[in-house]
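Presented below is the structure to which this report refers.
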Amino acid sequence: KILVSVANSREIPHDDNRLDQSMMHLRSNETELDESILEFKAFVETFGLPVNKIEPKVVGNGIRIGAFATEFLNVGDAYISLPPTAVIGVDTALAHASKTSPDLEFLLRQYSKQQRDGFNVLLLFLLHERFVLGKKSVWWPYLNLLPKVSDLRDFHPLFFSEQEIDKYLAGSDVRKYIYRYQQGASERHKAIASDIFAAQVLGGDVLFDKNKFYWACAILDGRSIWWEGERHIVPLLDLVNA
(Lines give C-alpha, C1' and ligand atoms only; values in the text may rest on other atoms or scores of the structure.)
Protein backbone atom coordinates (compact mmCIF):
# COMPACT_ATOMS: atom_id res chain seq x y z
CA LYS A 1 0.00 0.00 0.00
CA ILE A 2 0.92 3.63 -0.31
CA LEU A 3 1.60 3.82 3.41
CA VAL A 4 4.40 1.30 3.00
CA SER A 5 5.99 3.53 0.38
CA VAL A 6 5.68 6.59 2.58
CA ALA A 7 7.29 4.75 5.47
CA ASN A 8 10.19 3.52 3.38
CA SER A 9 12.51 3.64 6.35
CA ARG A 10 10.89 0.46 7.64
CA GLU A 11 11.95 -2.90 6.25
CA ILE A 12 9.02 -4.87 4.86
CA PRO A 13 9.45 -8.65 4.64
CA HIS A 14 8.94 -10.19 1.20
CA ASP A 15 6.50 -13.01 0.54
CA ASP A 16 7.20 -14.54 -2.87
CA ASN A 17 3.89 -16.41 -3.01
CA ARG A 18 1.98 -13.28 -2.18
CA LEU A 19 3.91 -11.34 -4.81
CA ASP A 20 3.11 -14.00 -7.44
CA GLN A 21 -0.58 -13.87 -6.53
CA SER A 22 -0.54 -10.08 -6.68
CA MET A 23 1.03 -10.10 -10.17
CA MET A 24 -1.57 -12.61 -11.40
CA HIS A 25 -4.30 -10.40 -9.96
CA LEU A 26 -2.82 -7.34 -11.70
CA ARG A 27 -2.69 -9.12 -15.06
CA SER A 28 -6.30 -10.26 -14.63
CA ASN A 29 -7.35 -6.71 -13.79
CA GLU A 30 -5.52 -5.34 -16.83
CA THR A 31 -7.42 -7.76 -19.10
CA GLU A 32 -10.70 -6.58 -17.58
CA LEU A 33 -9.63 -2.97 -18.02
CA ASP A 34 -8.83 -3.55 -21.71
CA GLU A 35 -12.41 -4.74 -22.23
CA SER A 36 -13.85 -1.82 -20.25
CA ILE A 37 -11.73 0.64 -22.25
CA LEU A 38 -13.18 -0.61 -25.55
CA GLU A 39 -16.69 -0.08 -24.18
CA PHE A 40 -15.72 3.36 -22.90
CA LYS A 41 -14.24 4.41 -26.25
CA ALA A 42 -17.50 3.51 -27.98
CA PHE A 43 -19.32 5.55 -25.33
CA VAL A 44 -17.10 8.60 -25.94
CA GLU A 45 -17.72 8.38 -29.69
CA THR A 46 -21.46 8.90 -29.11
CA PHE A 47 -20.72 12.47 -27.98
CA GLY A 48 -19.21 13.41 -31.34
CA LEU A 49 -16.42 15.42 -29.75
CA PRO A 50 -15.31 18.27 -32.04
CA VAL A 51 -11.73 17.87 -30.77
CA ASN A 52 -10.28 14.72 -29.24
CA LYS A 53 -6.59 13.91 -29.38
CA ILE A 54 -6.34 11.65 -26.32
CA GLU A 55 -7.41 8.11 -25.54
CA PRO A 56 -7.45 5.85 -22.47
CA LYS A 57 -4.91 3.05 -22.14
CA VAL A 58 -3.81 0.69 -19.42
CA VAL A 59 -0.55 2.00 -17.98
CA GLY A 60 0.46 -1.27 -16.34
CA ASN A 61 2.82 -2.07 -13.46
CA GLY A 62 0.03 -1.64 -10.95
CA ILE A 63 -1.09 1.73 -12.38
CA ARG A 64 -4.56 1.51 -13.81
CA ILE A 65 -5.45 3.84 -16.68
CA GLY A 66 -4.03 7.04 -18.10
CA ALA A 67 -4.70 9.38 -21.00
CA PHE A 68 -2.36 9.06 -23.98
CA ALA A 69 -2.05 11.45 -26.92
CA THR A 70 -3.13 10.02 -30.27
CA GLU A 71 -0.90 12.46 -32.16
CA PHE A 72 1.99 14.81 -31.49
CA LEU A 73 0.92 17.82 -29.41
CA ASN A 74 2.59 21.19 -29.11
CA VAL A 75 2.42 23.36 -26.02
CA GLY A 76 -0.92 25.18 -26.04
CA ASP A 77 -2.65 22.77 -28.43
CA ALA A 78 -6.27 21.96 -27.62
CA TYR A 79 -6.44 18.20 -27.15
CA ILE A 80 -10.10 17.76 -26.22
CA SER A 81 -13.38 19.65 -26.48
CA LEU A 82 -16.42 18.38 -24.60
CA PRO A 83 -20.07 19.41 -24.91
CA PRO A 84 -22.07 19.93 -21.68
CA THR A 85 -23.84 16.60 -22.24
CA ALA A 86 -20.51 14.79 -21.83
CA VAL A 87 -19.87 16.27 -18.39
CA ILE A 88 -21.34 15.21 -15.05
CA GLY A 89 -22.18 18.39 -13.18
CA VAL A 90 -25.09 19.54 -11.05
CA ASP A 91 -27.14 20.57 -14.11
CA THR A 92 -26.57 17.33 -16.02
CA ALA A 93 -27.22 15.27 -12.88
CA LEU A 94 -30.56 17.02 -12.42
CA ALA A 95 -31.40 16.62 -16.11
CA HIS A 96 -30.64 12.88 -16.07
CA ALA A 97 -32.52 12.39 -12.81
CA SER A 98 -35.59 14.07 -14.28
CA LYS A 99 -35.67 11.33 -16.92
CA THR A 100 -34.94 8.35 -14.69
CA SER A 101 -36.31 9.09 -11.23
CA PRO A 102 -38.52 11.99 -10.06
CA ASP A 103 -37.62 11.11 -6.47
CA LEU A 104 -33.91 11.34 -7.23
CA GLU A 105 -34.43 14.66 -8.98
CA PHE A 106 -36.29 16.03 -5.93
CA LEU A 107 -33.52 14.78 -3.62
CA LEU A 108 -30.77 16.34 -5.73
CA ARG A 109 -32.61 19.66 -5.94
CA GLN A 110 -32.88 19.75 -2.16
CA TYR A 111 -29.14 19.23 -1.77
CA SER A 112 -28.30 21.65 -4.59
CA LYS A 113 -29.66 24.44 -2.36
CA GLN A 114 -27.21 23.60 0.42
CA GLN A 115 -23.83 23.78 -1.30
CA ARG A 116 -22.58 25.90 -4.15
CA ASP A 117 -19.81 23.51 -5.19
CA GLY A 118 -22.27 20.63 -5.74
CA PHE A 119 -20.30 17.97 -3.83
CA ASN A 120 -23.28 16.30 -2.18
CA VAL A 121 -25.38 16.46 -5.34
CA LEU A 122 -22.70 14.70 -7.37
CA LEU A 123 -22.00 12.27 -4.53
CA LEU A 124 -25.66 11.18 -4.39
CA PHE A 125 -25.83 11.02 -8.18
CA LEU A 126 -22.72 8.82 -8.38
CA LEU A 127 -24.09 6.48 -5.71
CA HIS A 128 -27.37 6.19 -7.58
CA GLU A 129 -25.85 5.64 -11.01
CA ARG A 130 -23.14 3.22 -9.88
CA PHE A 131 -24.88 1.15 -7.22
CA VAL A 132 -28.62 1.57 -7.88
CA LEU A 133 -28.89 1.71 -11.67
CA GLY A 134 -25.60 -0.05 -12.36
CA LYS A 135 -25.43 -1.28 -15.96
CA LYS A 136 -28.75 0.45 -16.70
CA SER A 137 -27.14 3.87 -16.22
CA VAL A 138 -26.25 5.78 -19.38
CA TRP A 139 -22.96 6.56 -17.62
CA TRP A 140 -22.09 2.92 -17.00
CA PRO A 141 -19.23 2.67 -19.55
CA TYR A 142 -17.52 5.47 -17.64
CA LEU A 143 -18.46 4.25 -14.14
CA ASN A 144 -17.21 0.78 -15.00
CA LEU A 145 -13.82 2.27 -15.82
CA LEU A 146 -13.43 3.84 -12.40
CA PRO A 147 -11.60 2.09 -9.56
CA LYS A 148 -13.87 -0.24 -7.61
CA VAL A 149 -14.28 -0.16 -3.86
CA SER A 150 -11.88 -3.09 -3.61
CA ASP A 151 -9.29 -1.13 -5.62
CA LEU A 152 -9.52 1.93 -3.40
CA ARG A 153 -9.07 -0.14 -0.25
CA ASP A 154 -5.46 -0.73 -1.29
CA PHE A 155 -4.34 2.86 -1.71
CA HIS A 156 -6.87 5.52 -0.75
CA PRO A 157 -6.48 7.28 2.64
CA LEU A 158 -10.21 7.05 3.41
CA PHE A 159 -9.84 3.28 3.68
CA PHE A 160 -6.68 3.18 5.81
CA SER A 161 -7.20 1.61 9.22
CA GLU A 162 -6.09 3.34 12.40
CA GLN A 163 -3.51 0.60 12.92
CA GLU A 164 -2.01 1.17 9.46
CA ILE A 165 -1.86 4.92 9.89
CA ASP A 166 -0.23 4.70 13.30
CA LYS A 167 2.19 1.99 12.19
CA TYR A 168 3.53 3.69 9.09
CA LEU A 169 2.94 7.39 9.76
CA ALA A 170 3.61 7.81 13.45
CA GLY A 171 5.33 11.15 13.94
CA SER A 172 4.41 12.37 10.46
CA ASP A 173 2.29 15.44 9.76
CA VAL A 174 0.50 13.39 7.10
CA ARG A 175 -1.04 11.30 9.89
CA LYS A 176 -3.14 14.12 11.30
CA TYR A 177 -4.28 15.21 7.83
CA ILE A 178 -5.50 11.68 7.04
CA TYR A 179 -7.35 11.48 10.35
CA ARG A 180 -8.95 14.86 9.66
CA TYR A 181 -9.90 13.76 6.15
CA GLN A 182 -11.46 10.54 7.43
CA GLN A 183 -13.34 12.41 10.15
CA GLY A 184 -14.81 14.83 7.61
CA ALA A 185 -15.99 11.98 5.36
CA SER A 186 -17.45 10.14 8.34
CA GLU A 187 -19.37 13.22 9.49
CA ARG A 188 -20.67 13.77 5.95
CA HIS A 189 -21.86 10.17 5.81
CA LYS A 190 -23.54 10.42 9.20
CA ALA A 191 -25.41 13.57 8.14
CA ILE A 192 -26.63 12.26 4.78
CA ALA A 193 -27.38 8.75 6.09
CA SER A 194 -29.75 10.34 8.62
CA ASP A 195 -31.85 11.69 5.71
CA ILE A 196 -34.79 9.29 5.56
CA PHE A 197 -35.79 10.36 2.06
CA ALA A 198 -32.24 9.85 0.77
CA ALA A 199 -32.32 6.32 2.22
CA GLN A 200 -35.62 5.68 0.45
CA VAL A 201 -34.24 6.86 -2.90
CA LEU A 202 -30.89 5.10 -2.76
CA GLY A 203 -31.81 2.18 -0.54
CA GLY A 204 -30.25 1.37 2.80
CA ASP A 205 -27.85 -1.13 1.24
CA VAL A 206 -26.25 1.74 -0.65
CA LEU A 207 -26.55 4.78 1.60
CA PHE A 208 -25.70 3.03 4.87
CA ASP A 209 -22.70 1.27 3.35
CA LYS A 210 -19.69 3.38 4.34
CA ASN A 211 -17.47 1.67 1.78
CA LYS A 212 -19.73 2.75 -1.09
CA PHE A 213 -20.14 6.23 0.36
CA TYR A 214 -16.37 6.63 0.76
CA TRP A 215 -15.91 5.36 -2.79
CA ALA A 216 -18.03 8.25 -4.08
CA CYS A 217 -16.15 10.73 -1.87
CA ALA A 218 -12.81 9.45 -3.14
CA ILE A 219 -13.89 9.68 -6.78
CA LEU A 220 -15.05 13.27 -6.34
CA ASP A 221 -11.98 14.32 -4.36
CA GLY A 222 -9.58 12.77 -6.86
CA ARG A 223 -11.25 13.49 -10.19
CA SER A 224 -13.26 16.71 -9.90
CA ILE A 225 -12.44 19.45 -12.38
CA TRP A 226 -13.50 22.95 -11.38
CA TRP A 227 -14.90 25.87 -13.31
CA GLU A 228 -17.31 28.65 -12.42
CA GLY A 229 -17.10 27.72 -8.75
CA GLU A 230 -18.49 24.22 -9.26
CA ARG A 231 -16.93 20.79 -9.44
CA HIS A 232 -17.52 18.51 -12.42
CA ILE A 233 -16.69 14.94 -13.32
CA VAL A 234 -15.39 14.87 -16.88
CA PRO A 235 -15.03 11.42 -18.46
CA LEU A 236 -11.78 10.95 -20.41
CA LEU A 237 -10.37 14.34 -19.41
CA ASP A 238 -10.12 13.18 -15.79
CA LEU A 239 -7.63 10.53 -16.89
CA VAL A 240 -5.08 13.26 -17.55
CA ASN A 241 -4.83 13.76 -13.80
CA ALA A 242 -5.86 10.29 -12.60
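Identifiers in this document derive from the order of the C-alpha coordinates: chains are assigned A, B, ..., residues are numbered from 1 separately in each chain, and ligands are numbered from 1 in order of occurrence.
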Name the residues in contact with Ala67 (chain A) at a cut-off of 8 Å, using only C-alpha atoms, excluding same-chain residues fewer than 3 positions from it; report them as number ranges by chain. A: 54-57, 236-237, 239-240
Do you know which residues are at most 12 Å from region 217-220 of chain A counting only C-alpha atoms, after dropping those on the same chain fewer than 4 positions away, and could you put them as a count of residues only? 51
Just to confirm, what's the straight-line distance from CA of Asp166 (chain A) to CA of Gln183 (chain A) in Å (one decimal)?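 According to the coordinates, CA of Asp166 (chain A) and CA of Gln183 (chain A) are separated by 15.5 Å.
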Skipping near chain neighbours, those fewer than 3 positions away, what residues fall within 9 Å of region 33-37 of chain A using only C-alpha atoms, listed as a ChimeraX atom specification? /A:28-30,40-42,56-58,64-65,141-142,144-145
Would you please give, as number ranges by chain, all residues of region 34-129 of chain A that DSSP assigns to strand (DSSP E) based on the backbone? A: 51-52, 54-60, 63-69, 80-81
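Going from CA of Gly60 (chain A) to CA of Asp154 (chain A) covers 16.2 Å.
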Who sits within 7 Å of region 202-209 of chain A, only C-alpha atoms, same chain under 2 positions skipped, as a PyMOL selection string: chain A and resi 128+131-132+193+198-200+211-213
With DSSP run on the backbone, what are the helix (DSSP H, G or I) residues within region 28-97 of chain A? I'd like them as a VMD selection string. chain A and resid 28 to 45 84 to 86 90 to 97
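Closest to Ala97 (chain A) among A:Val138, A:Ile178, A:Ala216, A:Leu49 is A:Val138, based on only C-alpha atoms.
Counting only C-alpha atoms, the residue from A:Thr31, A:Gln115, A:Thr70, A:Ser81 that sits nearest to Val51 (chain A) is A:Ser81.
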For a test of reading the model, state the distance in Å between CA of Ala93 (chain A) and CA of Gly134 (chain A), rounded to one decimal. 15.4 Å
When distances are computed from only C-alpha atoms, which of A:Ala191, A:Ile165, A:Leu107, A:Ala78 shows the smallest separation from Tyr177 (chain A)? A:Ile165
When you count only C-alpha atoms, which of these residues is closest to Val201 (chain A): A:Asp103, A:Glu228, A:Asp173, A:Glu187?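 Residue with the minimum atom-to-atom distance to Val201 (chain A): A:Asp103.
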